[in-house]
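Source file final-v3.cif; content: mmCIF, C-alpha atoms.
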```
data_protein
#
loop_
_atom_site.group_PDB
_atom_site.id
_atom_site.type_symbol
_atom_site.label_atom_id
_atom_site.label_comp_id
_atom_site.auth_asym_id
_atom_site.auth_seq_id
_atom_site.Cartn_x
_atom_site.Cartn_y
_atom_site.Cartn_z
ATOM 1 C CA MET H 13 -65.353 -3.217 -129.305
ATOM 2 C CA LYS H 14 -67.092 -3.483 -125.950
ATOM 3 C CA GLN H 15 -66.752 -0.799 -123.290
ATOM 4 C CA GLY H 16 -65.482 -3.409 -120.834
ATOM 5 C CA SER H 17 -62.603 -4.248 -123.166
ATOM 6 C CA HIS H 18 -61.716 -0.556 -123.441
ATOM 7 C CA LEU H 19 -61.610 -0.162 -119.652
ATOM 8 C CA LYS H 20 -59.533 -3.320 -119.269
ATOM 9 C CA ALA H 21 -57.098 -2.156 -121.955
ATOM 10 C CA GLU H 22 -56.754 1.311 -120.460
ATOM 11 C CA PHE H 23 -56.084 -0.136 -116.999
ATOM 12 C CA ILE H 24 -53.419 -2.429 -118.475
ATOM 13 C CA LEU H 25 -51.769 0.444 -120.373
ATOM 14 C CA VAL H 26 -51.740 2.683 -117.299
ATOM 15 C CA PHE H 27 -50.036 -0.193 -115.455
ATOM 16 C CA VAL H 28 -47.564 -0.414 -118.358
ATOM 17 C CA THR H 29 -46.623 3.243 -117.822
ATOM 18 C CA VAL H 30 -46.122 2.465 -114.122
ATOM 19 C CA LEU H 31 -43.726 -0.348 -115.061
ATOM 20 C CA ALA H 32 -41.926 1.995 -117.456
ATOM 21 C CA GLY H 33 -41.530 4.544 -114.669
ATOM 22 C CA LEU H 34 -40.240 1.878 -112.300
ATOM 23 C CA GLY H 35 -37.774 0.855 -115.002
ATOM 24 C CA TRP H 36 -35.943 4.149 -114.497
ATOM 25 C CA ILE H 37 -35.556 3.363 -110.787
ATOM 26 C CA PHE H 38 -34.500 -0.251 -111.375
ATOM 27 C CA SER H 39 -31.928 0.818 -113.970
ATOM 28 C CA LYS H 40 -30.459 3.609 -111.858
ATOM 29 C CA GLU H 41 -29.984 1.187 -108.960
ATOM 30 C CA ALA H 42 -28.401 -1.462 -111.198
ATOM 31 C CA LEU H 43 -25.930 1.097 -112.550
ATOM 32 C CA ALA H 44 -24.436 1.334 -109.051
ATOM 33 C CA GLY H 45 -22.634 -1.938 -109.757
ATOM 34 C CA LEU H 46 -22.663 -2.392 -113.547
ATOM 35 C CA PRO H 47 -21.198 -0.338 -116.415
ATOM 36 C CA PRO H 48 -24.048 1.303 -118.369
ATOM 37 C CA LEU H 49 -23.575 -0.147 -121.862
ATOM 38 C CA PHE H 50 -22.996 -3.671 -120.559
ATOM 39 C CA PHE H 51 -26.031 -3.403 -118.290
ATOM 40 C CA MET H 52 -28.303 -2.213 -121.090
ATOM 41 C CA GLY H 53 -27.010 -4.747 -123.602
ATOM 42 C CA ALA H 54 -27.400 -7.696 -121.219
ATOM 43 C CA ARG H 55 -30.818 -6.432 -120.097
ATOM 44 C CA PHE H 56 -32.108 -6.271 -123.662
ATOM 45 C CA LEU H 57 -30.720 -9.666 -124.620
ATOM 46 C CA VAL H 58 -32.363 -11.322 -121.609
ATOM 47 C CA ALA H 59 -35.663 -9.503 -122.215
ATOM 48 C CA GLY H 60 -35.607 -10.313 -125.928
ATOM 49 C CA PHE H 61 -35.002 -14.002 -125.205
ATOM 50 C CA ILE H 62 -37.963 -14.032 -122.791
ATOM 51 C CA LEU H 63 -40.190 -12.498 -125.496
ATOM 52 C CA VAL H 64 -38.993 -15.143 -127.971
ATOM 53 C CA LEU H 65 -40.090 -17.862 -125.542
ATOM 54 C CA ALA H 66 -43.405 -16.133 -124.840
ATOM 55 C CA GLY H 67 -44.281 -15.570 -128.499
ATOM 56 C CA ARG H 68 -42.487 -18.459 -130.183
ATOM 57 C CA ARG H 69 -45.601 -19.462 -132.155
ATOM 58 C CA PHE H 70 -45.456 -16.113 -133.953
ATOM 59 C CA PHE H 71 -41.930 -16.776 -135.228
ATOM 60 C CA TYR H 72 -42.989 -19.449 -137.736
ATOM 61 C CA GLY H 73 -42.885 -18.397 -141.375
ATOM 62 C CA LEU H 74 -40.610 -15.393 -140.923
ATOM 63 C CA VAL H 75 -39.245 -13.866 -144.135
ATOM 64 C CA TRP H 76 -35.609 -12.739 -144.204
ATOM 65 C CA ASN H 77 -36.505 -9.387 -145.796
ATOM 66 C CA ASP H 78 -38.815 -8.604 -142.863
ATOM 67 C CA ILE H 79 -36.173 -9.694 -140.373
ATOM 68 C CA LYS H 80 -33.609 -7.336 -141.965
ATOM 69 C CA LYS H 81 -36.014 -4.411 -141.581
ATOM 70 C CA ALA H 82 -36.600 -5.221 -137.939
ATOM 71 C CA MET H 83 -32.847 -5.517 -137.376
ATOM 72 C CA LEU H 84 -32.281 -2.061 -138.895
ATOM 73 C CA VAL H 85 -34.801 -0.515 -136.513
ATOM 74 C CA GLY H 86 -33.186 -2.455 -133.675
ATOM 75 C CA LEU H 87 -29.810 -0.932 -134.528
ATOM 76 C CA VAL H 88 -31.271 2.594 -134.359
ATOM 77 C CA MET H 89 -32.933 1.611 -131.082
ATOM 78 C CA GLY H 90 -29.498 0.578 -129.800
ATOM 79 C CA VAL H 91 -28.111 4.040 -130.579
ATOM 80 C CA ALA H 92 -31.056 5.655 -128.776
ATOM 81 C CA MET H 93 -30.530 3.442 -125.738
ATOM 82 C CA MET H 94 -26.804 4.238 -125.762
ATOM 83 C CA PHE H 95 -27.714 7.909 -125.276
ATOM 84 C CA TRP H 96 -30.424 7.083 -122.720
ATOM 85 C CA ILE H 97 -28.432 4.793 -120.467
ATOM 86 C CA SER H 98 -25.384 7.097 -120.576
ATOM 87 C CA GLY H 99 -27.646 9.964 -119.536
ATOM 88 C CA LEU H 100 -29.214 7.898 -116.780
ATOM 89 C CA ASP H 101 -25.780 6.949 -115.466
ATOM 90 C CA GLN H 102 -24.889 10.642 -115.043
ATOM 91 C CA ALA H 103 -28.318 12.080 -114.212
ATOM 92 C CA SER H 104 -28.863 14.013 -111.007
ATOM 93 C CA ASN H 105 -32.645 14.199 -111.535
ATOM 94 C CA LEU H 106 -34.531 11.311 -113.141
ATOM 95 C CA GLY H 107 -37.791 13.247 -113.433
ATOM 96 C CA VAL H 108 -36.183 15.945 -115.553
ATOM 97 C CA GLY H 109 -34.517 13.270 -117.693
ATOM 98 C CA ALA H 110 -37.809 11.455 -118.212
ATOM 99 C CA PHE H 111 -39.535 14.583 -119.484
ATOM 100 C CA ILE H 112 -36.652 15.448 -121.824
ATOM 101 C CA THR H 113 -36.683 11.906 -123.236
ATOM 102 C CA SER H 114 -40.453 12.116 -123.717
ATOM 103 C CA LEU H 115 -39.872 14.945 -126.205
ATOM 104 C CA GLY H 116 -39.458 12.154 -128.741
ATOM 105 C CA VAL H 117 -43.269 12.062 -128.876
ATOM 106 C CA VAL H 118 -43.338 15.679 -130.088
ATOM 107 C CA LEU H 119 -40.390 15.230 -132.454
ATOM 108 C CA VAL H 120 -41.772 12.199 -134.342
ATOM 109 C CA PRO H 121 -43.895 14.249 -136.792
ATOM 110 C CA VAL H 122 -41.149 16.892 -137.075
ATOM 111 C CA PHE H 123 -38.725 14.211 -138.298
ATOM 112 C CA GLY H 124 -41.439 12.930 -140.594
ATOM 113 C CA ARG H 125 -41.840 16.378 -142.150
ATOM 114 C CA PHE H 126 -38.211 17.300 -142.737
ATOM 115 C CA ILE H 127 -36.698 13.874 -143.458
ATOM 116 C CA PHE H 128 -39.542 11.856 -144.962
ATOM 117 C CA LYS H 129 -41.620 14.749 -146.414
ATOM 118 C CA ASP H 130 -44.725 13.896 -144.409
ATOM 119 C CA HIS H 131 -47.479 16.388 -143.665
ATOM 120 C CA PRO H 132 -47.970 16.400 -139.878
ATOM 121 C CA PRO H 133 -51.086 17.923 -138.272
ATOM 122 C CA LYS H 134 -51.011 21.658 -137.574
ATOM 123 C CA SER H 135 -51.101 20.949 -133.836
ATOM 124 C CA ILE H 136 -47.461 19.843 -133.941
ATOM 125 C CA TRP H 137 -46.339 23.369 -134.854
ATOM 126 C CA VAL H 138 -48.138 24.612 -131.753
ATOM 127 C CA ALA H 139 -46.602 21.862 -129.610
ATOM 128 C CA LEU H 140 -43.028 22.449 -130.781
ATOM 129 C CA PRO H 141 -42.511 25.991 -129.374
ATOM 130 C CA VAL H 142 -44.197 24.903 -126.127
ATOM 131 C CA ALA H 143 -41.698 22.022 -125.885
ATOM 132 C CA VAL H 144 -38.759 24.346 -126.614
ATOM 133 C CA ALA H 145 -39.996 26.712 -123.883
ATOM 134 C CA GLY H 146 -40.125 23.714 -121.529
ATOM 135 C CA LEU H 147 -36.486 22.883 -122.313
ATOM 136 C CA ALA H 148 -35.547 26.506 -121.680
ATOM 137 C CA PHE H 149 -37.164 26.409 -118.233
ATOM 138 C CA LEU H 150 -35.295 23.185 -117.435
ATOM 139 C CA ALA H 151 -32.057 24.964 -118.336
ATOM 140 C CA LEU H 152 -32.965 27.896 -116.102
ATOM 141 C CA GLY H 153 -33.621 25.437 -113.304
ATOM 142 C CA ASN H 154 -30.039 24.215 -113.636
ATOM 143 C CA GLY H 155 -28.123 27.480 -113.539
ATOM 144 C CA VAL H 156 -28.832 28.457 -117.168
ATOM 145 C CA SER H 157 -26.810 25.514 -118.489
ATOM 146 C CA TYR H 158 -27.594 21.918 -119.356
ATOM 147 C CA GLU H 159 -25.739 19.165 -117.581
ATOM 148 C CA MET H 160 -24.297 16.480 -119.837
ATOM 149 C CA ALA H 161 -27.013 14.009 -118.799
ATOM 150 C CA GLN H 162 -29.715 16.342 -120.135
ATOM 151 C CA LEU H 163 -27.928 16.613 -123.499
ATOM 152 C CA LEU H 164 -27.688 12.813 -123.630
ATOM 153 C CA PHE H 165 -31.426 12.486 -122.887
ATOM 154 C CA LEU H 166 -32.118 14.977 -125.676
ATOM 155 C CA GLY H 167 -29.989 12.835 -127.995
ATOM 156 C CA ALA H 168 -32.096 9.838 -126.968
ATOM 157 C CA ALA H 169 -35.315 11.747 -127.714
ATOM 158 C CA LEU H 170 -34.065 12.699 -131.191
ATOM 159 C CA THR H 171 -32.997 9.130 -131.969
ATOM 160 C CA PHE H 172 -36.243 7.624 -130.628
ATOM 161 C CA ALA H 173 -38.186 9.975 -132.917
ATOM 162 C CA PHE H 174 -36.124 8.804 -135.897
ATOM 163 C CA GLN H 175 -36.598 5.158 -134.874
ATOM 164 C CA PHE H 176 -40.376 5.577 -134.687
ATOM 165 C CA ASN H 177 -40.447 7.069 -138.173
ATOM 166 C CA LEU H 178 -38.431 4.162 -139.533
ATOM 167 C CA LEU H 179 -40.676 1.673 -137.775
ATOM 168 C CA SER H 180 -43.836 3.201 -139.246
ATOM 169 C CA ARG H 181 -42.364 3.098 -142.759
ATOM 170 C CA LEU H 182 -40.931 -0.399 -142.838
ATOM 171 C CA SER H 183 -43.852 -2.461 -144.046
ATOM 172 C CA THR H 184 -43.633 -5.809 -142.327
ATOM 173 C CA ARG H 185 -45.789 -8.798 -141.691
ATOM 174 C CA ILE H 186 -44.031 -9.566 -138.423
ATOM 175 C CA HIS H 187 -46.169 -9.816 -135.307
ATOM 176 C CA VAL H 188 -45.518 -6.900 -132.954
ATOM 177 C CA LEU H 189 -44.188 -9.225 -130.236
ATOM 178 C CA VAL H 190 -41.671 -10.753 -132.649
ATOM 179 C CA LEU H 191 -40.724 -7.309 -133.928
ATOM 180 C CA THR H 192 -40.077 -6.141 -130.367
ATOM 181 C CA ALA H 193 -37.994 -9.230 -129.569
ATOM 182 C CA ILE H 194 -35.799 -8.776 -132.650
ATOM 183 C CA GLN H 195 -35.277 -5.084 -131.908
ATOM 184 C CA LEU H 196 -34.325 -5.783 -128.293
ATOM 185 C CA MET H 197 -31.849 -8.507 -129.208
ATOM 186 C CA VAL H 198 -30.186 -6.486 -131.990
ATOM 187 C CA ALA H 199 -29.964 -3.416 -129.739
ATOM 188 C CA GLY H 200 -28.567 -5.625 -126.971
ATOM 189 C CA CYS H 201 -25.848 -7.053 -129.224
ATOM 190 C CA PHE H 202 -24.926 -3.548 -130.424
ATOM 191 C CA LEU H 203 -24.610 -2.217 -126.875
ATOM 192 C CA LEU H 204 -22.576 -5.213 -125.704
ATOM 193 C CA LEU H 205 -20.213 -4.728 -128.655
ATOM 194 C CA LEU H 206 -19.724 -1.092 -127.650
ATOM 195 C CA SER H 207 -19.171 -2.213 -124.066
ATOM 196 C CA VAL H 208 -16.361 -4.588 -125.087
ATOM 197 C CA PHE H 209 -14.369 -1.700 -126.530
ATOM 198 C CA SER H 210 -15.174 0.996 -123.990
ATOM 199 C CA GLU H 211 -15.927 -0.480 -120.564
ATOM 200 C CA ASP H 212 -14.253 -2.558 -117.887
ATOM 201 C CA LEU H 213 -16.441 -5.201 -116.262
ATOM 202 C CA PRO H 214 -16.490 -5.473 -112.467
ATOM 203 C CA GLY H 215 -14.807 -8.472 -110.897
ATOM 204 C CA SER H 216 -18.022 -9.378 -109.044
ATOM 205 C CA VAL H 217 -21.629 -8.255 -108.793
ATOM 206 C CA SER H 218 -23.546 -8.063 -105.514
ATOM 207 C CA LEU H 219 -26.856 -9.866 -105.058
ATOM 208 C CA GLU H 220 -28.562 -6.497 -104.697
ATOM 209 C CA VAL H 221 -27.306 -5.258 -108.070
ATOM 210 C CA ALA H 222 -28.167 -8.614 -109.662
ATOM 211 C CA GLY H 223 -31.703 -8.246 -108.291
ATOM 212 C CA TRP H 224 -32.069 -4.769 -109.801
ATOM 213 C CA PHE H 225 -30.775 -6.122 -113.103
ATOM 214 C CA LEU H 226 -33.353 -8.928 -113.130
ATOM 215 C CA ALA H 227 -36.120 -6.482 -112.186
ATOM 216 C CA SER H 228 -35.083 -4.279 -115.125
ATOM 217 C CA ALA H 229 -34.968 -7.159 -117.595
ATOM 218 C CA LEU H 230 -37.976 -9.206 -116.473
ATOM 219 C CA ILE H 231 -40.393 -6.616 -115.066
ATOM 220 C CA ALA H 232 -39.569 -3.299 -116.726
ATOM 221 C CA THR H 233 -38.813 -4.793 -120.143
ATOM 222 C CA SER H 234 -40.260 -8.281 -120.809
ATOM 223 C CA LEU H 235 -43.440 -7.970 -118.730
ATOM 224 C CA ARG H 236 -43.912 -4.375 -119.813
ATOM 225 C CA PHE H 237 -43.802 -5.168 -123.537
ATOM 226 C CA LEU H 238 -45.977 -8.259 -123.167
ATOM 227 C CA LEU H 239 -48.670 -6.231 -121.377
ATOM 228 C CA GLN H 240 -48.289 -3.305 -123.762
ATOM 229 C CA THR H 241 -48.774 -5.573 -126.775
ATOM 230 C CA TYR H 242 -51.864 -7.122 -125.190
ATOM 231 C CA GLY H 243 -53.321 -3.813 -124.045
ATOM 232 C CA GLN H 244 -52.857 -2.147 -127.420
ATOM 233 C CA SER H 245 -54.700 -5.021 -129.073
ATOM 234 C CA LEU H 246 -57.815 -4.227 -127.002
ATOM 235 C CA THR H 247 -58.143 -0.484 -127.578
ATOM 236 C CA PRO H 248 -57.834 2.039 -130.432
ATOM 237 C CA THR H 249 -54.369 3.438 -131.125
ATOM 238 C CA SER H 250 -55.588 6.923 -130.161
ATOM 239 C CA HIS H 251 -56.352 5.791 -126.590
ATOM 240 C CA ALA H 252 -53.029 3.981 -126.207
ATOM 241 C CA ALA H 253 -51.022 6.930 -127.549
ATOM 242 C CA VAL H 254 -52.467 9.336 -124.997
ATOM 243 C CA ILE H 255 -52.120 6.966 -122.027
ATOM 244 C CA MET H 256 -48.452 6.233 -122.785
ATOM 245 C CA ASN H 257 -47.660 9.902 -122.097
ATOM 246 C CA LEU H 258 -47.916 9.128 -118.371
ATOM 247 C CA GLU H 259 -44.449 7.528 -118.187
ATOM 248 C CA PRO H 260 -42.485 10.697 -117.259
ATOM 249 C CA VAL H 261 -45.103 11.587 -114.643
ATOM 250 C CA TRP H 262 -44.683 8.225 -112.880
ATOM 251 C CA THR H 263 -40.898 8.458 -113.200
ATOM 252 C CA SER H 264 -40.887 11.837 -111.465
ATOM 253 C CA LEU H 265 -43.117 10.575 -108.662
ATOM 254 C CA PHE H 266 -41.084 7.407 -108.088
ATOM 255 C CA ALA H 267 -37.792 9.335 -108.156
ATOM 256 C CA ALA H 268 -39.182 11.787 -105.586
ATOM 257 C CA VAL H 269 -40.147 8.915 -103.284
ATOM 258 C CA TRP H 270 -37.167 6.586 -103.829
ATOM 259 C CA PHE H 271 -34.294 9.044 -104.267
ATOM 260 C CA SER H 272 -35.858 12.028 -102.465
ATOM 261 C CA GLU H 273 -35.499 14.061 -105.645
ATOM 262 C CA SER H 274 -37.050 17.477 -105.906
ATOM 263 C CA MET H 275 -37.362 20.060 -108.668
ATOM 264 C CA SER H 276 -37.025 23.815 -108.619
ATOM 265 C CA GLN H 277 -40.034 25.903 -109.632
ATOM 266 C CA GLN H 278 -38.434 26.526 -113.022
ATOM 267 C CA GLN H 279 -37.932 22.808 -113.580
ATOM 268 C CA LEU H 280 -41.534 22.060 -112.591
ATOM 269 C CA VAL H 281 -42.730 24.652 -115.093
ATOM 270 C CA GLY H 282 -40.444 23.155 -117.731
ATOM 271 C CA CYS H 283 -41.752 19.616 -117.150
ATOM 272 C CA GLY H 284 -45.324 20.928 -117.199
ATOM 273 C CA LEU H 285 -44.740 22.662 -120.540
ATOM 274 C CA ILE H 286 -43.204 19.522 -122.045
ATOM 275 C CA PHE H 287 -46.163 17.447 -120.838
ATOM 276 C CA LEU H 288 -48.526 20.045 -122.345
ATOM 277 C CA ALA H 289 -46.607 19.867 -125.614
ATOM 278 C CA MET H 290 -46.996 16.081 -125.606
ATOM 279 C CA LEU H 291 -50.756 16.435 -125.199
ATOM 280 C CA ILE H 292 -50.967 19.111 -127.915
ATOM 281 C CA SER H 293 -49.005 16.873 -130.277
ATOM 282 C CA ARG H 294 -51.556 14.131 -129.567
ATOM 283 C CA TRP H 295 -54.518 16.451 -130.098
ATOM 284 C CA THR H 296 -55.809 14.403 -133.047
ATOM 285 C CA GLN H 297 -55.917 11.274 -130.883
ATOM 286 C CA ILE H 298 -57.417 13.131 -127.906
ATOM 287 C CA ARG H 299 -60.146 14.596 -130.089
ATOM 288 C CA ALA H 300 -60.860 11.123 -131.490
ATOM 289 C CA ILE H 301 -61.411 9.820 -127.947
ATOM 290 C CA PHE H 302 -63.998 12.481 -127.124
ATOM 291 C CA THR H 303 -65.638 12.189 -130.541
ATOM 292 C CA ALA H 304 -66.012 8.433 -130.095
ATOM 293 C CA SER H 305 -67.563 8.851 -126.645
#
```

Just dump the structure as structure tokens.
Amino acid sequence: MKQGSHLKAEFILVFVTVLAGLGWIFSKEALAGLPPLFFMGARFLVAGFILVLAGRRFFYGLVWNDIKKAMLVGLVMGVAMMFWISGLDQASNLGVGAFITSLGVVLVPVFGRFIFKDHPPKSIWVALPVAVAGLAFLALGNGVSYEMAQLLFLGAALTFAFQFNLLSRLSTRIHVLVLTAIQLMVAGCFLLLLSVFSEDLPGSVSLEVAGWFLASALIATSLRFLLQTYGQSLTPTSHAAVIMNLEPVWTSLFAAVWFSESMSQQQLVGCGLIFLAMLISRWTQIRAIFTAS
């Protein structure tokens, strides 16, 4: 693969992490006028429909067995997003929440080891205590106790790690764009079903809230996944995996600018340790980058 393609792909993937970070801001603003489960369910259905239109040529020849597998992963994704959006609705600090959620990266091989009997690289056992120390510092930065939002983000991280393991094990011939669309739509239906039984819809929605909703669905979800799919097709998986770790960094920066959020020294140390743990857990991919160059 040409060097120019690598640079193009890496620029696209960095931009994808920017969109992901902005998605936290868009969603938090939309939650000012929409109940969380309804917002997330509607957002995913709209985004999934857009991906269906964008990749409709890839939907020909689908096999029902493959569709069922994608739907199963979509259901687990819905559970993860239930935790995430509930945490976001209650969060007092988006940056802290983003770093806690990003622990899913570290937990993926841990789930693989204890549930699916995989043999993860030794680096993960170095990353895990660093991540736990990061969580401890975040607790210290909040009066030695987690707020409910942080526990919900941790639940999201655990469920995302389980989802990723399922996704990697379900052999499928489905194009990644189609797989993403099916997951989004199944997760959206699941969240809307939960919303019917647990939430009251507002009588009206302001234009401002509607704008944040559309930004979440079209920019932070549809456009993000389209660009991510394209970018990942142009560069090795090792490069993409490392770049995607930037999402919590952007989220923290955007939250500081938009919501004037700040972190205590303990929280900054905690986020730094979690980011370090993410890099340690990706050591195999990082080493592959330097070996290739």

Do you know which residues lie at most 8 Å from (-27.8, 19.0, -111.0), with coordinates as in the file and all atoms listed in the file counted, and could you write them as JSON, numbers by chain? {"H": [103, 104, 105, 154, 159]}

Running the PyMOL selection byres ((chain H and resi 52-68) around 9) on this model by hand, what would come out? Give it as a PyMOL selection string. chain H and resi 39+47-51+69-72+90+93-94+97+189-190+192-205+207+225-226+228-230+233-235+237-238

Listing only residues of region 171-253 of chain H within 8 Å of region 119-134 of chain H, what is the closest atom pair and its distance in Å (to one decimal) for each, using only C-alpha atoms, sorted by chain and residue number ascending, as a Markdown table?
```
| residue | atom | partner | partner_atom | distance |
| --- | --- | --- | --- | --- |
| H:Ala173 | CA | H:Val120 | CA | 4.5 |
| H:Phe174 | CA | H:Phe123 | CA | 6.5 |
| H:Phe176 | CA | H:Val120 | CA | 6.8 |
| H:Asn177 | CA | H:Gly124 | CA | 6.4 |
```

If the PyMOL selection byres ((chain H and resi 281) around 12) were run on this exact file, what residues would it hold? Put them as a VMD selection string. chain H and resid 108 111 142 to 143 145 to 153 275 to 280 282 to 288

As a list in words, please: the residues near Gly99 (chain H) (cut-off 7 Å, all atoms listed in the file, same-chain neighbours under 6 positions excluded). Ala161, Gln162, Leu164 and Phe165 of chain H
